[in-house]
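These notes concern the structure reproduced below.
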Amino acid sequence: MRLRIEELQLLGTTRTVRFAPGMNAIVGAMSGGKTATVNCLRALLGADVKVIPELRGRTIAGLVVVGDRRFRIVRHLVTTATAKVDIAEVGGQQEVWRLPASELQEGYDQTFRDWWLDMLNLRAVRVPRAPTDDASPLVPVTISDYLMYCILRQKEIDSSVFGTPDNNYKNIKRKYVFEILYGLYEPEAAGLRERLREVSTELRSLTADAATLERILETSNYSSRAQLEVQRDQTEAELASARRQDVHLAERTTAPTTVVLREQISEVEADLGQMSDAEAAERATIGRLQELRGQLVAQSRRLTRALVAERLLNDFEFHTCPRCGSDVPERGDEDTCRLCLQTPPDTPAPAALAAEQDRVIDQVAETDQLVERSTRRLDTLQARRAALQQLRSDLGSQLERAAAIYLTDETDRVRELAARQGRLEEHLARLRDALDLHDRLRGQGERVAQLQQEQDELNERIAAARHSNPSVHERLSNLDQALEASLREFDAPRFDNRPGSRISRETYLPVVDGRSFADLESQGVEVLVNVAHVLAHQRVAMADESIPLPNLLIIDGISSNVGHEGHDLRRLRNMYAALLGAATDNIDQLQIIVTDNDSPPISGIHRALDLSDSDRLVPMPDADEESTEP
């Protein structure tokens with residue numbers, strides 16, 4: 001993917017750096033700000049902000065080209081992960097973004113560094129922080145990790161490959177980026193590796209647990225499973241015998257006398273229940289009879305009033321007013337009452353009323369007799385119930401005395417038998433717990449064997465996936481050839497014992513004539529190898545579009561420890577020439593930016609920025625301006 005930086009501005013100052021396609025150089029004294037400029041470029045490309053104090057809190061702006069699109073980016077040089085970065089497309093779709101630098105916040109769907117991954121079509125994956133530690137957390141591969149293969153930093157160029165020997169975490173990320181770029185990190189293989197992590201984590205946990213159980217059992221009296229099973233069977237048999245004895249003793253403790261007394265008490269309690277029911281029924285009968293008697297007495301009184309009224313008023317003619325004594329004139333007729341002038345109601349004859357009165361009086365007398373008889377019967381029931389209650393109390397006392405006398409003789413035996421059962425039950429519980437531990441240990445052993453088999457199968461499948469793609473072998477072979485060609489172009493020192501340079505298939509680090517990078521022993525040679533290494537990656541990526549490496553190469557301190565005289569100067573010129581040729585031949589794809597203390601030893605390189613002690617990256621204020629009073 002083409003990635004080109006066109007411009008870098010330090011807002012609030014007059015500093016503007018314009019870069020050309022092809023190869024650019026930033027030249028200046030050691031303290032002029034070359035590395036600071038590179039750090040600004042890294043921040044512009046989404047890396048974490050790491051700048052000198054003079055730049056902290058300032059704001060940079062830049063123009064970058066990604067593929068066929070151009071963007072203006074404005075970023076504050078602060079370490080705050082949520083600091084906002086503004087992005088605007090120049091021309092084209094004219095999209096606009098405002099994103100947090102590296103920490104996702106509510107209301108945002110991506111960060112600035114995630115935006116760079118999207119723009120460069122770089123895979124966003126999460127990988128184990130420590131592959132050998134199956135419990136290590138997963139961490140994202142960020143744009144900073146991909147930029148390792150695009151930016152050679154001054155503090156690393158003459159000592160290590162991307163600063164990885166002293167930073168194991170960074171070294172792990174470097175390996176994952178290599179696998180992603182060259183197709184070794186396939187989604188299927190990633191899924192297999194994740195399953196391998198889960199299997200390895202469970203396997204390690206089970207193995208540790210099993211070892212702990214084995215130590216516990218070995219240092220106890222329960223190490224032999226066979227012995228535990230024999231002891232369990234014996235204890236179960238003894239416990240069953242003790243329980244049978246307990247049942248037999250319980251039967252013995254129930255003496256014949258107590259049985260008879262309990263039966264008698266049961267009979268008495270049954271009779272008491274019947275007495276209570278009969279009393280309740282009798283009381284209800286008395287209540288009903290008394291209620292009937294009241295009704296009959298009321299009826300008798302009504303009949304008496306009717307008879308008296310009939311005798312006193314029947315055929316009585318009112319000729320004198322009973323109130324004032326005046327004469328009452330003739331009024332009404334034979335069918336009406338002279339007193340109230342109403343038609344009198346039909347009334348029974350006096351003889352009928354008298355007969356009804358006699359009948360009611362007889363019923364009252366009969367009811368009184370029934371009430372008296374029910375009352376006598378209730379008294380009888382109450383007396384019988386009191387007698388039964390006394391009998392129940394006497395029988396209960398007899399039962400308590402009989403049981404106490406008999407149980408006193410069996411107390412010691414009962415206690416001894418109960419204690420023996422308790423000891424046997426406790427011992428049996430311990431035996432069963434120990435056997436459960438053996439079962440658990442056996443189950444863990446079976447599970448460990450299954451996991452080990454699955455682990456071996458996963459490792460085989462992962463290894464097969466890594467080497468099954470022929471295009472991967474071709475890319476790695478091309479990378480080996482590009483590394484060897486670059487070293488030969490540089491005329492780098494060689495070691496004749498094992499001629500030829502390649503990329504290690506285990507560490508993904510350059511190997512020169514059989515020597516690892518750590519064994520080169522010369523800082524000047526390490527610089528040449530580092531530059532040849534990153535140049536080789538760019539050459540292979542430009543020739544193979546399936547390798548998603550951004551086509552940008554920034555080298556900070558390119559001539560560090562190389563030497564500027566004689567053969568060393570010739571090597572330096574060769575290195576510059578090789579870089580210039582790669583940038584010129586692929587001017588629409590590859591941009592190269594280098595920093596050096598001295599001017600480039602060859603021509604044709606665009607000098608994007610010249611710095612010095614008096615003209616640093618951050619312009620110093622004018623002395624006259626400093627002395628001017630506000």
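Note on naming: chains are A, B, ... as they come in the structure tokens, residues start from 1 per chain, ligands start from 1 in the order shown.
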Nearby residues (only C-alpha atoms) at most 12 Å from Pro21 of chain A, same-chain spacing under 2 positions excluded, as a PyMOL selection string
chain A and resi 2-7+18-19+23-25+64-65+551-553+580+582-593+604-608
Report as a PyMOL selection string all protein, DNA and RNA residues lying within 12 Å of Val90 of chain A, evaluated on only C-alpha atoms, omitting residues in the same chain fewer than 2 positions from it.
chain A and resi 62-66+68-73+87-88+92-96
Mind dumping the selected residues with N, CA and C atoms as a short mmCIF file (atom, residue, chain, number, x, y, z; two decimals), in the first residue's frame?
```cif
data_model
loop_
_atom_site.label_atom_id
_atom_site.label_comp_id
_atom_site.auth_asym_id
_atom_site.auth_seq_id
_atom_site.Cartn_x
_atom_site.Cartn_y
_atom_site.Cartn_z
N GLY A 62 -0.22 17.55 9.28
CA GLY A 62 0.49 16.96 8.17
C GLY A 62 -0.43 16.56 7.05
N LEU A 63 0.16 16.46 5.85
CA LEU A 63 -0.54 15.94 4.68
C LEU A 63 0.05 14.57 4.36
N VAL A 64 -0.81 13.58 4.24
CA VAL A 64 -0.34 12.23 3.91
C VAL A 64 -1.18 11.70 2.76
N VAL A 65 -0.55 10.84 1.97
CA VAL A 65 -1.23 10.18 0.86
C VAL A 65 -1.29 8.70 1.17
N VAL A 66 -2.50 8.14 1.13
CA VAL A 66 -2.71 6.70 1.36
C VAL A 66 -3.39 6.15 0.13
N ASP A 68 -4.68 6.31 -3.19
CA ASP A 68 -5.03 7.45 -4.06
C ASP A 68 -5.74 8.56 -3.29
N ARG A 69 -5.76 8.49 -1.98
CA ARG A 69 -6.47 9.48 -1.18
C ARG A 69 -5.48 10.34 -0.38
N ARG A 70 -5.84 11.60 -0.17
CA ARG A 70 -4.98 12.53 0.55
C ARG A 70 -5.72 13.04 1.79
N PHE A 71 -5.02 13.11 2.91
CA PHE A 71 -5.65 13.49 4.17
C PHE A 71 -4.80 14.54 4.88
N ARG A 72 -5.48 15.44 5.57
CA ARG A 72 -4.82 16.37 6.47
C ARG A 72 -5.13 15.93 7.90
N ILE A 73 -4.07 15.79 8.69
CA ILE A 73 -4.20 15.28 10.06
C ILE A 73 -3.65 16.32 11.02
N ILE A 87 -9.06 14.64 11.39
CA ILE A 87 -8.67 14.16 10.07
C ILE A 87 -9.69 14.68 9.06
N ALA A 88 -9.18 15.18 7.95
CA ALA A 88 -10.06 15.65 6.89
C ALA A 88 -9.48 15.22 5.55
N GLY A 92 -11.51 14.30 -3.24
CA GLY A 92 -12.15 12.99 -3.14
C GLY A 92 -13.50 13.07 -2.44
N GLN A 93 -13.71 12.19 -1.50
CA GLN A 93 -14.99 12.13 -0.81
C GLN A 93 -15.12 13.19 0.28
N GLN A 94 -14.02 13.81 0.63
CA GLN A 94 -13.98 14.89 1.63
C GLN A 94 -14.60 14.45 2.96
N GLU A 95 -14.27 13.25 3.37
CA GLU A 95 -14.74 12.77 4.66
C GLU A 95 -13.98 13.46 5.79
N VAL A 96 -14.62 13.50 6.96
CA VAL A 96 -14.04 14.16 8.13
C VAL A 96 -14.17 13.22 9.32
#
```
Do you know which residues are at most 12 Å from Ser504 of chain A counting only C-alpha atoms, after dropping those on the same chain fewer than 3 positions away, and could you put them as a ChimeraX atom specification?
/A:175,178,476-477,479-480,483,501,507-517
With a distance cut-off of 8 Å and only C-alpha atoms, select the neighbouring residues of Arg293 of chain A, excluding the residue or stretch itself and same-chain residues fewer than 2 positions from it, and output the selection as a ChimeraX atom specification.
/A:289-291,295-297,364,367-368
Could you take the residues named above and write them with N, CA and C atoms, as a short mmCIF file (atom, residue, chain, number, x, y, z; two decimals), in the first residue's frame?
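Everything below was put into out_2.cif:
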```
data_model
loop_
_atom_site.label_atom_id
_atom_site.label_comp_id
_atom_site.auth_asym_id
_atom_site.auth_seq_id
_atom_site.Cartn_x
_atom_site.Cartn_y
_atom_site.Cartn_z
N LEU A 289 -83.95 -26.75 72.44
CA LEU A 289 -85.18 -26.89 73.22
C LEU A 289 -85.52 -25.60 73.94
N GLN A 290 -84.52 -24.94 74.51
CA GLN A 290 -84.78 -23.68 75.18
C GLN A 290 -85.28 -22.63 74.21
N GLU A 291 -84.76 -22.64 73.04
CA GLU A 291 -85.23 -21.68 72.01
C GLU A 291 -86.67 -21.98 71.64
N GLN A 295 -90.25 -19.68 72.14
CA GLN A 295 -91.21 -19.41 71.08
C GLN A 295 -92.64 -19.79 71.53
N LEU A 296 -92.78 -20.93 72.23
CA LEU A 296 -94.10 -21.39 72.68
C LEU A 296 -94.67 -20.43 73.73
N VAL A 297 -93.82 -19.97 74.66
CA VAL A 297 -94.28 -19.02 75.68
C VAL A 297 -94.76 -17.73 75.02
N VAL A 364 -95.32 -26.39 76.13
CA VAL A 364 -94.31 -25.75 76.99
C VAL A 364 -93.90 -26.71 78.10
N THR A 367 -91.76 -29.45 76.70
CA THR A 367 -90.41 -28.94 76.39
C THR A 367 -89.58 -28.81 77.65
N ASP A 368 -90.19 -28.36 78.74
CA ASP A 368 -89.47 -28.25 80.01
C ASP A 368 -88.97 -29.62 80.46
#
```
Polymer residues at most 8 Å from Arg283 of chain A, only C-alpha atoms, same-chain spacing of 4 or more positions, as a list in words
Glu279, Gly287 and Leu378 of chain A
Write a file of the selected residues as a compact mmCIF listing (two decimals), in the first residue's frame, keeping N, CA and C atoms.
```txt
# COMPACT_ATOMS: atom_id res chain seq x y z
N GLU A 279 -71.04 -34.50 74.70
CA GLU A 279 -71.34 -33.27 75.43
C GLU A 279 -71.72 -32.15 74.48
N GLY A 287 -79.89 -26.21 73.85
CA GLY A 287 -80.04 -24.87 73.28
C GLY A 287 -81.24 -24.79 72.37
N LEU A 378 -76.38 -34.35 80.32
CA LEU A 378 -75.13 -33.59 80.19
C LEU A 378 -74.31 -33.69 81.47
```
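With distances restricted to only C-alpha atoms, A:Asp246 is the closest residue to Glu416 of chain A from A:Asp246, A:Leu206, A:Gly33, A:Glu156.
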Could you pull out the alpha helix (DSSP H) residues of segment 68-166 of chain A, going by DSSP on the backbone, and write them as a PyMOL selection string?
chain A and resi 112-119+143-147+154-157
Residue selection dump (C-alpha atoms) as a PDB file, in the first residue's frame:
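For reference, out36.pdb as written:
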```pdb
ATOM      1  CA  PHE A 112      -7.007   7.110  15.416  1.00  0.00           C
ATOM      2  CA  ARG A 113      -4.673   4.132  15.369  1.00  0.00           C
ATOM      3  CA  ASP A 114      -7.574   1.876  14.269  1.00  0.00           C
ATOM      4  CA  TRP A 115      -8.333   4.372  11.494  1.00  0.00           C
ATOM      5  CA  TRP A 116      -4.800   3.887  10.185  1.00  0.00           C
ATOM      6  CA  LEU A 117      -5.279   0.106  10.129  1.00  0.00           C
ATOM      7  CA  ASP A 118      -8.449   0.554   8.079  1.00  0.00           C
ATOM      8  CA  MET A 119      -6.850   3.012   5.656  1.00  0.00           C
ATOM      9  CA  ILE A 143      -0.291   0.516  13.823  1.00  0.00           C
ATOM     10  CA  SER A 144       2.820   1.060  15.987  1.00  0.00           C
ATOM     11  CA  ASP A 145       3.607  -2.633  15.659  1.00  0.00           C
ATOM     12  CA  TYR A 146       3.291  -2.543  11.868  1.00  0.00           C
ATOM     13  CA  LEU A 147       5.434   0.604  11.707  1.00  0.00           C
ATOM     14  CA  GLN A 154      18.286   5.780  15.863  1.00  0.00           C
ATOM     15  CA  LYS A 155      18.491   4.108  19.272  1.00  0.00           C
ATOM     16  CA  GLU A 156      18.018   0.691  17.657  1.00  0.00           C
ATOM     17  CA  ILE A 157      19.723   0.908  14.278  1.00  0.00           C
TER      18      ILE A 157
END
```
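If you look at atom CA of Arg174 of chain A and atom CA of Arg129 of chain A, they are 11.8 Å away from each other.
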Report, in Å with one decimal, the straight-line distance from atom CA of Gln9 of chain A to atom CA of Ile602 of chain A.
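Separating atom CA of Gln9 of chain A from atom CA of Ile602 of chain A is a distance of 27.6 Å.
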